[in-house]
Protein chains: 2
Amino acid sequence: MSVTAAQGFTASGIAAGIKENGNPDLAIVVNHGPRLAAAGVFTSNRVKAAPVLWSEQVLKGGEVSAVVLNSGGANACTGPQGFQDTHATAEKVAASLNTAGCDETGGHAPGAVAVCSTGLIGELLPMDKLLKGVDKAVAQLTPHGGEKAAIAIKTTDSVHKTAVVTGEGWTVGGMAKGAGMLAPGLATMLVVLTTDADVPAAELDAALRAATRTTFDRVDSDGCMSTNDTVLLLASGASGTVPESAAFAEAVRAVCDDLARQLIGDAEGASKDIRIEVVGAASEDDAVEVGRSIARNNLLKCAIHGEDPNWGRVLSAIGTTSAAFEPDRLNVAINGVWVCKNGSVGEDRDLVDMRYREVRITADLAAGADSAVIWANDLTADYVHENSAYSS
Amino acid sequence: MSVTAAQGFTASGIAAGIKENGNPDLAIVVNHGPRLAAAGVFTSNRVKAAPVLWSEQVLKGGEVSAVVLNSGGANACTGPQGFQDTHATAEKVAASLNTAGCDETGGHAPGAVAVCSTGLIGELLPMDKLLKGVDKAVAQLTPHGGEKAAIAIKTTDSVHKTAVVTGEGWTVGGMAKGAGMLAPGLATMLVVLTTDADVPAAELDAALRAATRTTFDRVDSDGCMSTNDTVLLLASGASGTVPESAAFAEAVRAVCDDLARQLIGDAEGASKDIRIEVVGAASEDDAVEVGRSIARNNLLKCAIHGEDPNWGRVLSAIGTTSAAFEPDRLNVAINGVWVCKNGSVGEDRDLVDMRYREVRITADLAAGADSAVIWANDLTADYVHENSAYSS
């Protein structure tokens, strides 16, 4: 399953000692070909971690033969030394794979090894442990290693996240990590998707960008954007099947959607998953802007935590946007009850049942026919506790 | 003190029964002239409460003879009935004042009575209690009523807020309420400033807009913007003194600054006041954008609560802005310790002493000579608790 659901891939996940608690912290995913096509989407944060700067360059070539991922340290804001460490990691992975005979595709070059890191910002990685870990991880590569890889990239995730969609003769699978710092422009997350479909890099890129735009980019757990977000899609062509383009794009979207929903469901300290659907918008951009504003309103997030259908805070959030709407035409439903009609009091708020984890907010701008869905979480004392002591 | 520090004003604060707990909830401030010049600044939220829509019209005339303020209900998102209630309140205040003989300035017209409301959104005010309360409040007007007025406008404020600055022969004083929902575009706050200086409406307007731009507009406790924010400045001319323009503007700024600082110091559930100074910016707009991004980063706010000098979260927040900077030239100090230099690890973070309530973050963009200060609060479990149960 996971990144090894598709043919042509091996993976492993091991404990290299980067995490002080001894949990798994290093994963490798290898594409055994026959093709090495790849695409990537990265954080839009202008402060980018060293592995992001590295992998952006790797992806420009459109080929990735292996991905190495570590948890336990983000290698962000670590200066020239941090970048050298990422470079050395890619060199080590290529050398170790070649030594191990994983050279079906003509041998691994460091420039085709993507690197992903996640963890605390502002600290150098323990390179001695990491480099030794690479040899260990390479030795454990198997066509069934997807689950172990998914486990090794966890940080504060309570569960590992995988997803698979099968097409006609081909498969798309993937793994994700991310539990906090989730926001548009990509959550703090690392995602590796693999497929055995025979798809060139340009088509992978188009499918991945279209998929992330309406899935990971519309997850906004806490309004914070990471320095390390990376989503990679690797195609081995091992199935020998060239998929129909729309079907392949839809499969990639479905896997991303599944993983994005899992990220929200496991967000740090959250007790509610909030599905915010903005309808009646004059444009999709308007719908997304309004959805994000609602998703980021701390007062509303607290109210949802308290199972309080406080629709005034929804209107307050809508009012801060530049979207097209008239205040006295706004309608808001919470879990199906239209508590606000025409900008004023609607149905009885006591009818709203908020006992379950999923809460649905519908905001009708009454200004057009476009819509969008944003997923968010509530704001809880647990979130505060978890993030008050993270680096200490 | 407060709104009655300046000559020519009376005020009162009483319990009208709008709040169910019997606390004071209705205040009136009257300008006895000889002049009735006034200026106002209102929320930039597009969803505006009825009293804001009303008072914006009143202020267009440049004259305000009285202000009535209630806590216990925002009268926001209340439709046409809410607006009628605001109108009826202004009518009642004018009539009651005229009946009481407070007609030195030629009698009160409803169109010169500003109305302010604060409290829960989406509920109609109990107008029977409010209108009876107006008579009671008018009967208790005194030149020493400023403190009682300041107390009556509290919602979740733990203390009432007043400030006074004295010029040469004239005075500017004021009161403020606001403890949550503080954000740029004005906090959730009601502020009434009074002066006995002889200043025309246009000059009041210029002084007030300049003052709020660098004080209330740079307070960002929780990133949320209210539907009811109102700042009024009333001039009676009772001192007979025409102040020097710059000195007057500076006095207005100083009173606003004092009150804004008090708002941050009393923000809901906060345990830290965070002074974010952005220096080395290419423009003041850049400095403000970066300051607000830092102020609104929930992960950083949690870290500050945990007394954790997590500068990586500061860089993460800077990275989401469009300000001019190079990531590898950013510097960050927390309480004077430059924990981040050139975008990477700087001085030892263990040197940072965060035991005190005020925390100072300095972000140097190394891109110019402009700067700005934004005030924010930390994010705490108390904030979550207070806002999870507010309307229930």
# chains A, B, ... in the order shown; residues from 1 in each chain; ligands from 1

$ residues_around --residues "range 91-103 of chain B" --least-positions-apart "5" --cutoff "8 Å" --atoms "only C-alpha atoms" --output "number ranges by chain"
B: 32, 68, 108-110, 113, 131, 134-135, 138-139

$ interface_residues --of "chain A" --to "chain B" --cutoff "8 Å" --atoms "only C-alpha atoms" --output "PDB file with N, CA and C atoms, in the first residue's frame"
ATOM      1  N   SER A  44       4.656  27.792  -0.768  1.00  0.00           N
ATOM      2  CA  SER A  44       4.787  29.142  -1.315  1.00  0.00           C
ATOM      3  C   SER A  44       5.374  30.097  -0.286  1.00  0.00           C
ATOM      4  N   ASN A  45       5.739  29.584   0.884  1.00  0.00           N
ATOM      5  CA  ASN A  45       6.450  30.412   1.859  1.00  0.00           C
ATOM      6  C   ASN A  45       7.782  30.842   1.255  1.00  0.00           C
ATOM      7  N   ARG A  46       8.115  32.136   1.421  1.00  0.00           N
ATOM      8  CA  ARG A  46       9.357  32.638   0.835  1.00  0.00           C
ATOM      9  C   ARG A  46      10.571  32.237   1.670  1.00  0.00           C
ATOM     10  N   VAL A  47      10.331  31.840   2.908  1.00  0.00           N
ATOM     11  CA  VAL A  47      11.404  31.277   3.719  1.00  0.00           C
ATOM     12  C   VAL A  47      11.327  29.765   3.542  1.00  0.00           C
ATOM     13  N   CYS A  77      16.010  27.365   7.933  1.00  0.00           N
ATOM     14  CA  CYS A  77      16.698  28.472   8.607  1.00  0.00           C
ATOM     15  C   CYS A  77      18.010  27.969   9.203  1.00  0.00           C
ATOM     16  N   THR A  78      18.724  27.204   8.414  1.00  0.00           N
ATOM     17  CA  THR A  78      19.975  26.607   8.880  1.00  0.00           C
ATOM     18  C   THR A  78      21.165  27.080   8.045  1.00  0.00           C
ATOM     19  N   GLY A  79      20.932  28.044   7.150  1.00  0.00           N
ATOM     20  CA  GLY A  79      22.042  28.675   6.441  1.00  0.00           C
ATOM     21  C   GLY A  79      22.742  27.763   5.455  1.00  0.00           C
ATOM     22  N   LEU A 120      11.522  20.512  13.806  1.00  0.00           N
ATOM     23  CA  LEU A 120      11.778  21.844  14.340  1.00  0.00           C
ATOM     24  C   LEU A 120      12.630  22.671  13.372  1.00  0.00           C
ATOM     25  N   ILE A 121      12.255  23.946  13.254  1.00  0.00           N
ATOM     26  CA  ILE A 121      12.996  24.895  12.426  1.00  0.00           C
ATOM     27  C   ILE A 121      14.199  25.420  13.211  1.00  0.00           C
ATOM     28  N   GLY A 122      15.290  25.695  12.503  1.00  0.00           N
ATOM     29  CA  GLY A 122      16.393  26.428  13.120  1.00  0.00           C
ATOM     30  C   GLY A 122      17.432  25.562  13.809  1.00  0.00           C
ATOM     31  N   GLU A 123      17.438  24.289  13.502  1.00  0.00           N
ATOM     32  CA  GLU A 123      18.481  23.435  14.072  1.00  0.00           C
ATOM     33  C   GLU A 123      19.069  22.558  12.971  1.00  0.00           C
ATOM     34  N   MET A 181       0.208  23.350  11.593  1.00  0.00           N
ATOM     35  CA  MET A 181       0.770  24.300  10.643  1.00  0.00           C
ATOM     36  C   MET A 181       0.178  24.068   9.259  1.00  0.00           C
ATOM     37  N   ASP A 222      -4.758  25.797  10.809  1.00  0.00           N
ATOM     38  CA  ASP A 222      -4.451  26.851  11.776  1.00  0.00           C
ATOM     39  C   ASP A 222      -3.876  28.117  11.154  1.00  0.00           C
ATOM     40  N   GLY A 223      -4.031  28.267   9.850  1.00  0.00           N
ATOM     41  CA  GLY A 223      -3.630  29.532   9.219  1.00  0.00           C
ATOM     42  C   GLY A 223      -2.134  29.718   9.063  1.00  0.00           C
ATOM     43  N   CYS A 224      -1.337  28.747   9.476  1.00  0.00           N
ATOM     44  CA  CYS A 224       0.113  28.903   9.409  1.00  0.00           C
ATOM     45  C   CYS A 224       0.671  28.132   8.211  1.00  0.00           C
ATOM     46  N   MET A 225       1.658  28.717   7.561  1.00  0.00           N
ATOM     47  CA  MET A 225       2.229  28.083   6.375  1.00  0.00           C
ATOM     48  C   MET A 225       3.666  27.674   6.652  1.00  0.00           C
ATOM     49  N   SER A 226       3.987  26.469   6.261  1.00  0.00           N
ATOM     50  CA  SER A 226       5.279  25.898   6.612  1.00  0.00           C
ATOM     51  C   SER A 226       6.386  26.304   5.650  1.00  0.00           C
ATOM     52  N   THR A 227       7.604  26.083   6.089  1.00  0.00           N
ATOM     53  CA  THR A 227       8.797  26.317   5.280  1.00  0.00           C
ATOM     54  C   THR A 227       9.195  25.067   4.490  1.00  0.00           C
ATOM     55  N   ASN A 297     -10.793  32.400  11.476  1.00  0.00           N
ATOM     56  CA  ASN A 297     -11.320  33.258  12.529  1.00  0.00           C
ATOM     57  C   ASN A 297     -11.238  32.551  13.881  1.00  0.00           C
ATOM     58  N   ASN A 298     -10.310  32.994  14.704  1.00  0.00           N
ATOM     59  CA  ASN A 298     -10.077  32.310  15.976  1.00  0.00           C
ATOM     60  C   ASN A 298     -11.314  32.287  16.866  1.00  0.00           C
ATOM     61  N   LEU A 299     -12.073  33.376  16.834  1.00  0.00           N
ATOM     62  CA  LEU A 299     -13.266  33.400  17.693  1.00  0.00           C
ATOM     63  C   LEU A 299     -14.273  32.347  17.244  1.00  0.00           C
ATOM     64  N   CYS A 302     -13.068  28.884  18.219  1.00  0.00           N
ATOM     65  CA  CYS A 302     -13.344  28.611  19.636  1.00  0.00           C
ATOM     66  C   CYS A 302     -14.822  28.262  19.835  1.00  0.00           C
ATOM     67  N   ALA A 303     -15.693  28.995  19.156  1.00  0.00           N
ATOM     68  CA  ALA A 303     -17.136  28.738  19.299  1.00  0.00           C
ATOM     69  C   ALA A 303     -17.477  27.328  18.834  1.00  0.00           C
ATOM     70  N   ILE A 304     -16.887  26.916  17.713  1.00  0.00           N
ATOM     71  CA  ILE A 304     -17.152  25.559  17.207  1.00  0.00           C
ATOM     72  C   ILE A 304     -16.669  24.535  18.229  1.00  0.00           C
ATOM     73  N   HIS A 305     -15.513  24.805  18.816  1.00  0.00           N
ATOM     74  CA  HIS A 305     -15.016  23.911  19.865  1.00  0.00           C
ATOM     75  C   HIS A 305     -16.045  23.793  20.993  1.00  0.00           C
ATOM     76  N   GLY A 306     -16.668  24.917  21.329  1.00  0.00           N
ATOM     77  CA  GLY A 306     -17.672  24.927  22.397  1.00  0.00           C
ATOM     78  C   GLY A 306     -19.054  24.485  21.924  1.00  0.00           C
ATOM     79  N   GLU A 307     -19.140  23.973  20.694  1.00  0.00           N
ATOM     80  CA  GLU A 307     -20.404  23.504  20.106  1.00  0.00           C
ATOM     81  C   GLU A 307     -21.460  24.603  20.153  1.00  0.00           C
ATOM     82  N   ASP A 308     -21.001  25.819  19.865  1.00  0.00           N
ATOM     83  CA  ASP A 308     -21.836  27.011  19.917  1.00  0.00           C
ATOM     84  C   ASP A 308     -22.033  27.512  18.482  1.00  0.00           C
ATOM     85  N   ASN A 310     -22.382  29.995  16.693  1.00  0.00           N
ATOM     86  CA  ASN A 310     -22.275  31.456  16.766  1.00  0.00           C
ATOM     87  C   ASN A 310     -22.098  32.038  15.368  1.00  0.00           C
ATOM     88  N   TRP A 311     -23.186  32.161  14.637  1.00  0.00           N
ATOM     89  CA  TRP A 311     -23.131  32.581  13.233  1.00  0.00           C
ATOM     90  C   TRP A 311     -22.695  34.032  13.074  1.00  0.00           C
ATOM     91  N   GLY A 312     -22.821  34.830  14.123  1.00  0.00           N
ATOM     92  CA  GLY A 312     -22.360  36.224  14.037  1.00  0.00           C
ATOM     93  C   GLY A 312     -20.882  36.290  13.712  1.00  0.00           C
ATOM     94  N   ARG A 313     -20.135  35.311  14.218  1.00  0.00           N
ATOM     95  CA  ARG A 313     -18.692  35.294  13.941  1.00  0.00           C
ATOM     96  C   ARG A 313     -18.411  34.890  12.492  1.00  0.00           C
ATOM     97  N   LEU A 315     -20.414  35.838   9.971  1.00  0.00           N
ATOM     98  CA  LEU A 315     -20.669  37.075   9.241  1.00  0.00           C
ATOM     99  C   LEU A 315     -19.523  38.072   9.427  1.00  0.00           C
ATOM    100  N   SER A 316     -19.034  38.156  10.645  1.00  0.00           N
ATOM    101  CA  SER A 316     -17.879  39.013  10.933  1.00  0.00           C
ATOM    102  C   SER A 316     -16.698  38.671  10.035  1.00  0.00           C
ATOM    103  N   ALA A 317     -16.460  37.379   9.870  1.00  0.00           N
ATOM    104  CA  ALA A 317     -15.330  36.928   9.043  1.00  0.00           C
ATOM    105  C   ALA A 317     -15.579  37.234   7.569  1.00  0.00           C
ATOM    106  N   ILE A 318     -16.792  37.017   7.108  1.00  0.00           N
ATOM    107  CA  ILE A 318     -17.119  37.319   5.709  1.00  0.00           C
ATOM    108  C   ILE A 318     -16.916  38.807   5.447  1.00  0.00           C
ATOM    109  N   GLY A 319     -17.263  39.610   6.432  1.00  0.00           N
ATOM    110  CA  GLY A 319     -17.204  41.066   6.269  1.00  0.00           C
ATOM    111  C   GLY A 319     -15.811  41.624   6.086  1.00  0.00           C
ATOM    112  N   THR A 320     -14.797  40.829   6.416  1.00  0.00           N
ATOM    113  CA  THR A 320     -13.415  41.318   6.266  1.00  0.00           C
ATOM    114  C   THR A 320     -12.862  41.052   4.866  1.00  0.00           C
ATOM    115  N   THR A 321     -13.621  40.377   4.021  1.00  0.00           N
ATOM    116  CA  THR A 321     -13.110  40.013   2.700  1.00  0.00           C
ATOM    117  C   THR A 321     -13.481  41.060   1.649  1.00  0.00           C
ATOM    118  N   PRO A 327     -24.301  42.671   2.576  1.00  0.00           N
ATOM    119  CA  PRO A 327     -24.461  42.138   3.940  1.00  0.00           C
ATOM    120  C   PRO A 327     -25.877  41.654   4.247  1.00  0.00           C
ATOM    121  N   ASP A 328     -26.878  42.327   3.712  1.00  0.00           N
ATOM    122  CA  ASP A 328     -28.243  41.932   4.068  1.00  0.00           C
ATOM    123  C   ASP A 328     -28.808  40.844   3.151  1.00  0.00           C
ATOM    124  N   ASN A 342     -30.651  36.350   5.171  1.00  0.00           N
ATOM    125  CA  ASN A 342     -30.618  37.754   4.777  1.00  0.00           C
ATOM    126  C   ASN A 342     -29.864  38.632   5.781  1.00  0.00           C
ATOM    127  N   GLY A 343     -28.752  38.120   6.247  1.00  0.00           N
ATOM    128  CA  GLY A 343     -27.875  38.897   7.127  1.00  0.00           C
ATOM    129  C   GLY A 343     -28.391  39.070   8.529  1.00  0.00           C
ATOM    130  N   SER A 344     -29.464  38.381   8.868  1.00  0.00           N
ATOM    131  CA  SER A 344     -30.074  38.565  10.183  1.00  0.00           C
ATOM    132  C   SER A 344     -30.496  37.208  10.740  1.00  0.00           C
ATOM    133  N   VAL A 345     -31.187  37.241  11.863  1.00  0.00           N
ATOM    134  CA  VAL A 345     -31.561  36.008  12.543  1.00  0.00           C
ATOM    135  C   VAL A 345     -32.426  35.117  11.657  1.00  0.00           C
ATOM    136  N   LEU A 379     -10.367  25.489  17.431  1.00  0.00           N
ATOM    137  CA  LEU A 379      -9.235  25.936  18.252  1.00  0.00           C
ATOM    138  C   LEU A 379      -9.493  25.473  19.675  1.00  0.00           C
ATOM    139  N   THR A 380      -8.531  24.748  20.220  1.00  0.00           N
ATOM    140  CA  THR A 380      -8.761  24.096  21.506  1.00  0.00           C
ATOM    141  C   THR A 380      -7.611  24.376  22.478  1.00  0.00           C
ATOM    142  N   ALA A 381      -7.892  24.125  23.727  1.00  0.00           N
ATOM    143  CA  ALA A 381      -6.835  24.239  24.735  1.00  0.00           C
ATOM    144  C   ALA A 381      -5.720  23.227  24.444  1.00  0.00           C
ATOM    145  N   ASP A 382      -6.072  22.081  23.897  1.00  0.00           N
ATOM    146  CA  ASP A 382      -5.055  21.080  23.550  1.00  0.00           C
ATOM    147  C   ASP A 382      -4.103  21.608  22.479  1.00  0.00           C
ATOM    148  N   VAL A 384      -3.294  24.708  22.053  1.00  0.00           N
ATOM    149  CA  VAL A 384      -2.418  25.651  22.754  1.00  0.00           C
ATOM    150  C   VAL A 384      -1.341  24.900  23.525  1.00  0.00           C
ATOM    151  N   HIS A 385      -1.753  23.880  24.258  1.00  0.00           N
ATOM    152  CA  HIS A 385      -0.782  23.129  25.060  1.00  0.00           C
ATOM    153  C   HIS A 385       0.285  22.484  24.170  1.00  0.00           C
ATOM    154  N   ASN A 387       1.328  23.280  21.268  1.00  0.00           N
ATOM    155  CA  ASN A 387       2.206  24.211  20.569  1.00  0.00           C
ATOM    156  C   ASN A 387       2.899  25.213  21.472  1.00  0.00           C
ATOM    157  N   SER A 388       2.623  25.141  22.758  1.00  0.00           N
ATOM    158  CA  SER A 388       3.324  26.008  23.705  1.00  0.00           C
ATOM    159  C   SER A 388       4.651  25.404  24.095  1.00  0.00           C
ATOM    160  N   ALA A 389       4.784  24.128  23.920  1.00  0.00           N
ATOM    161  CA  ALA A 389       5.944  23.427  24.471  1.00  0.00           C
ATOM    162  C   ALA A 389       6.702  22.644  23.425  1.00  0.00           C
ATOM    163  N   TYR A 390       6.425  22.934  22.129  1.00  0.00           N
ATOM    164  CA  TYR A 390       6.957  22.078  21.077  1.00  0.00           C
ATOM    165  C   TYR A 390       8.475  22.042  21.024  1.00  0.00           C
ATOM    166  N   SER A 391       9.108  23.233  21.124  1.00  0.00           N
ATOM    167  CA  SER A 391      10.565  23.230  20.936  1.00  0.00           C
ATOM    168  C   SER A 391      11.319  23.183  22.252  1.00  0.00           C
ATOM    169  N   SER A 392      10.607  23.317  23.359  1.00  0.00           N
ATOM    170  CA  SER A 392      11.290  23.418  24.656  1.00  0.00           C
ATOM    171  C   SER A 392      11.646  22.043  25.201  1.00  0.00           C
TER     172      SER A 392
END

$ residues_around --residues "range 267-281 of chain B" --least-positions-apart "2" --cutoff "6 Å" --atoms "only C-alpha atoms" --output "mmCIF file with N, CA, C and O atoms, in the first residue's frame"
data_model
loop_
_atom_site.group_PDB
_atom_site.id
_atom_site.type_symbol
_atom_site.label_atom_id
_atom_site.label_comp_id
_atom_site.auth_asym_id
_atom_site.auth_seq_id
_atom_site.Cartn_x
_atom_site.Cartn_y
_atom_site.Cartn_z
ATOM 1 N N ALA B 179 -11.876 43.938 24.710
ATOM 2 C CA ALA B 179 -11.012 42.954 25.350
ATOM 3 C C ALA B 179 -10.823 41.733 24.478
ATOM 4 O O ALA B 179 -9.976 40.916 24.722
ATOM 5 N N GLY B 180 -11.599 41.625 23.443
ATOM 6 C CA GLY B 180 -11.441 40.505 22.522
ATOM 7 C C GLY B 180 -11.719 41.026 21.147
ATOM 8 O O GLY B 180 -12.105 42.178 20.976
ATOM 9 N N ILE B 264 -4.749 45.994 24.859
ATOM 10 C CA ILE B 264 -3.890 44.817 24.754
ATOM 11 C C ILE B 264 -3.621 44.214 26.131
ATOM 12 O O ILE B 264 -3.621 42.993 26.316
ATOM 13 N N GLY B 265 -3.412 45.084 27.092
ATOM 14 C CA GLY B 265 -3.094 44.619 28.446
ATOM 15 C C GLY B 265 -4.247 43.892 29.118
ATOM 16 O O GLY B 265 -4.050 43.191 30.111
ATOM 17 N N SER B 283 9.422 49.884 3.276
ATOM 18 C CA SER B 283 8.344 50.873 3.383
ATOM 19 C C SER B 283 7.588 50.627 4.684
ATOM 20 O O SER B 283 7.679 49.537 5.269
ATOM 21 N N ALA B 287 6.429 47.078 6.645
ATOM 22 C CA ALA B 287 6.634 46.842 8.081
ATOM 23 C C ALA B 287 5.329 46.428 8.744
ATOM 24 O O ALA B 287 5.289 45.498 9.562
ATOM 25 N N ARG B 357 5.385 39.757 31.559
ATOM 26 C CA ARG B 357 4.188 39.836 30.700
ATOM 27 C C ARG B 357 4.509 40.445 29.343
ATOM 28 O O ARG B 357 3.993 39.999 28.320
ATOM 29 N N GLU B 358 5.363 41.461 29.303
ATOM 30 C CA GLU B 358 5.659 42.071 28.010
ATOM 31 C C GLU B 358 6.798 41.337 27.310
ATOM 32 O O GLU B 358 7.863 41.116 27.880
ATOM 33 N N VAL B 359 6.533 40.952 26.072
ATOM 34 C CA VAL B 359 7.544 40.275 25.249
ATOM 35 C C VAL B 359 7.813 41.149 24.036
ATOM 36 O O VAL B 359 6.881 41.613 23.381
ATOM 37 N N ARG B 360 9.087 41.380 23.744
ATOM 38 C CA ARG B 360 9.442 42.244 22.615
ATOM 39 C C ARG B 360 10.079 41.415 21.509
ATOM 40 O O ARG B 360 11.106 40.763 21.719
ATOM 41 N N ILE B 361 9.447 41.441 20.339
ATOM 42 C CA ILE B 361 10.019 40.784 19.166
ATOM 43 C C ILE B 361 10.460 41.868 18.194
ATOM 44 O O ILE B 361 9.684 42.761 17.867
ATOM 45 N N THR B 362 11.708 41.807 17.767
ATOM 46 C CA THR B 362 12.186 42.737 16.753
ATOM 47 C C THR B 362 12.531 41.930 15.509
ATOM 48 O O THR B 362 13.316 40.981 15.573
ATOM 49 N N ALA B 363 11.906 42.305 14.392
ATOM 50 C CA ALA B 363 12.195 41.631 13.123
ATOM 51 C C ALA B 363 12.859 42.643 12.197
ATOM 52 O O ALA B 363 12.268 43.665 11.859
ATOM 53 N N ASP B 364 14.083 42.356 11.837
ATOM 54 C CA ASP B 364 14.866 43.249 10.966
ATOM 55 C C ASP B 364 14.859 42.664 9.554
ATOM 56 O O ASP B 364 15.436 41.612 9.316
ATOM 57 N N LEU B 365 14.192 43.374 8.635
ATOM 58 C CA LEU B 365 14.104 42.862 7.262
ATOM 59 C C LEU B 365 15.347 43.179 6.443
ATOM 60 O O LEU B 365 15.516 42.655 5.337
ATOM 61 N N ALA B 366 16.208 44.036 6.973
ATOM 62 C CA ALA B 366 17.461 44.395 6.282
ATOM 63 C C ALA B 366 17.198 44.813 4.834
ATOM 64 O O ALA B 366 17.938 44.428 3.921
ATOM 65 N N ALA B 367 16.138 45.579 4.645
ATOM 66 C CA ALA B 367 15.757 45.958 3.281
ATOM 67 C C ALA B 367 15.457 47.443 3.140
ATOM 68 O O ALA B 367 15.044 47.889 2.070
ATOM 69 N N GLY B 368 15.671 48.213 4.211
ATOM 70 C CA GLY B 368 15.353 49.628 4.115
ATOM 71 C C GLY B 368 15.409 50.299 5.470
ATOM 72 O O GLY B 368 15.998 49.752 6.406
ATOM 73 N N ALA B 369 14.757 51.457 5.579
ATOM 74 C CA ALA B 369 14.874 52.256 6.799
ATOM 75 C C ALA B 369 13.538 52.464 7.496
ATOM 76 O O ALA B 369 13.464 53.177 8.492
ATOM 77 N N ASP B 370 12.463 51.832 7.009
ATOM 78 C CA ASP B 370 11.150 52.058 7.620
ATOM 79 C C ASP B 370 10.858 51.040 8.716
ATOM 80 O O ASP B 370 11.463 49.968 8.765
ATOM 81 N N SER B 371 9.899 51.410 9.561
ATOM 82 C CA SER B 371 9.580 50.542 10.693
ATOM 83 C C SER B 371 8.132 50.728 11.116
ATOM 84 O O SER B 371 7.463 51.666 10.695
ATOM 85 N N ALA B 372 7.647 49.821 11.941
ATOM 86 C CA ALA B 372 6.302 49.929 12.520
ATOM 87 C C ALA B 372 6.232 49.010 13.730
ATOM 88 O O ALA B 372 6.966 48.032 13.824
ATOM 89 N N VAL B 373 5.326 49.371 14.640
ATOM 90 C CA VAL B 373 5.110 48.549 15.831
ATOM 91 C C VAL B 373 3.672 48.042 15.826
ATOM 92 O O VAL B 373 2.736 48.812 15.620
ATOM 93 N N ILE B 374 3.502 46.747 16.012
ATOM 94 C CA ILE B 374 2.188 46.115 16.157
ATOM 95 C C ILE B 374 2.156 45.456 17.540
ATOM 96 O O ILE B 374 3.131 44.834 17.950
ATOM 97 N N TRP B 375 1.035 45.608 18.212
ATOM 98 C CA TRP B 375 0.875 44.961 19.518
ATOM 99 C C TRP B 375 -0.057 43.758 19.391
ATOM 100 O O TRP B 375 -1.110 43.842 18.749
ATOM 101 N N ALA B 376 0.307 42.671 20.007
ATOM 102 C CA ALA B 376 -0.517 41.461 19.950
ATOM 103 C C ALA B 376 -0.512 40.783 21.323
ATOM 104 O O ALA B 376 0.139 41.248 22.263
ATOM 105 N N ASN B 377 -1.243 39.697 21.398
ATOM 106 C CA ASN B 377 -1.279 38.895 22.618
ATOM 107 C C ASN B 377 -0.914 37.457 22.292
ATOM 108 O O ASN B 377 -0.963 37.041 21.144
ATOM 109 N N ASP B 378 -0.619 36.707 23.328
ATOM 110 C CA ASP B 378 -0.373 35.287 23.145
ATOM 111 C C ASP B 378 -1.704 34.534 23.015
ATOM 112 O O ASP B 378 -2.781 35.123 23.189
ATOM 113 N N ASP B 382 -6.978 29.828 28.234
ATOM 114 C CA ASP B 382 -8.019 30.711 28.778
ATOM 115 C C ASP B 382 -8.777 31.430 27.662
ATOM 116 O O ASP B 382 -9.996 31.635 27.756
ATOM 117 N N TYR B 383 -8.047 31.833 26.618
ATOM 118 C CA TYR B 383 -8.711 32.471 25.473
ATOM 119 C C TYR B 383 -9.719 31.504 24.859
ATOM 120 O O TYR B 383 -10.851 31.869 24.539
#

$ select_by_dssp --residues "range 95-132 of chain B" --states "alpha helix (DSSP H)" --output "CSV table (one decimal) with N, CA, C and O atoms, in the first residue's frame"
chain,number,residue,atom,x,y,z
B,95,ALA,N,-34.8,63.5,23.0
B,95,ALA,CA,-36.0,63.9,23.7
B,95,ALA,C,-35.8,64.1,25.2
B,95,ALA,O,-36.2,65.0,25.8
B,96,SER,N,-35.2,63.0,25.7
B,96,SER,CA,-34.9,63.0,27.2
B,96,SER,C,-34.0,64.2,27.6
B,96,SER,O,-34.2,64.8,28.6
B,97,LEU,N,-33.0,64.4,26.8
B,97,LEU,CA,-32.1,65.5,27.1
B,97,LEU,C,-32.8,66.9,27.0
B,97,LEU,O,-32.6,67.7,27.9
B,98,ASN,N,-33.6,67.0,26.0
B,98,ASN,CA,-34.3,68.3,25.9
B,98,ASN,C,-35.3,68.5,27.0
B,98,ASN,O,-35.4,69.6,27.6
B,99,THR,N,-36.0,67.4,27.4
B,99,THR,CA,-36.9,67.5,28.5
B,99,THR,C,-36.2,67.9,29.8
B,99,THR,O,-36.7,68.6,30.6
B,127,MET,N,-35.5,46.7,24.0
B,127,MET,CA,-35.7,48.1,23.8
B,127,MET,C,-36.5,48.7,25.0
B,127,MET,O,-36.3,49.9,25.3
B,128,ASP,N,-37.4,48.0,25.6
B,128,ASP,CA,-38.1,48.5,26.7
B,128,ASP,C,-37.2,48.9,27.8
B,128,ASP,O,-37.2,50.1,28.3
B,129,LYS,N,-36.3,48.0,28.1
B,129,LYS,CA,-35.3,48.3,29.2
B,129,LYS,C,-34.4,49.4,28.8
B,129,LYS,O,-34.0,50.3,29.6
B,130,LEU,N,-33.9,49.4,27.5
B,130,LEU,CA,-32.9,50.4,27.1
B,130,LEU,C,-33.5,51.8,27.1
B,130,LEU,O,-32.9,52.7,27.6
B,131,LEU,N,-34.8,51.9,26.6
B,131,LEU,CA,-35.4,53.3,26.5
B,131,LEU,C,-35.7,53.8,27.9
B,131,LEU,O,-35.5,55.0,28.2
B,132,LYS,N,-36.1,52.9,28.8
B,132,LYS,CA,-36.3,53.4,30.2
B,132,LYS,C,-35.0,53.8,30.8
B,132,LYS,O,-34.8,54.8,31.6
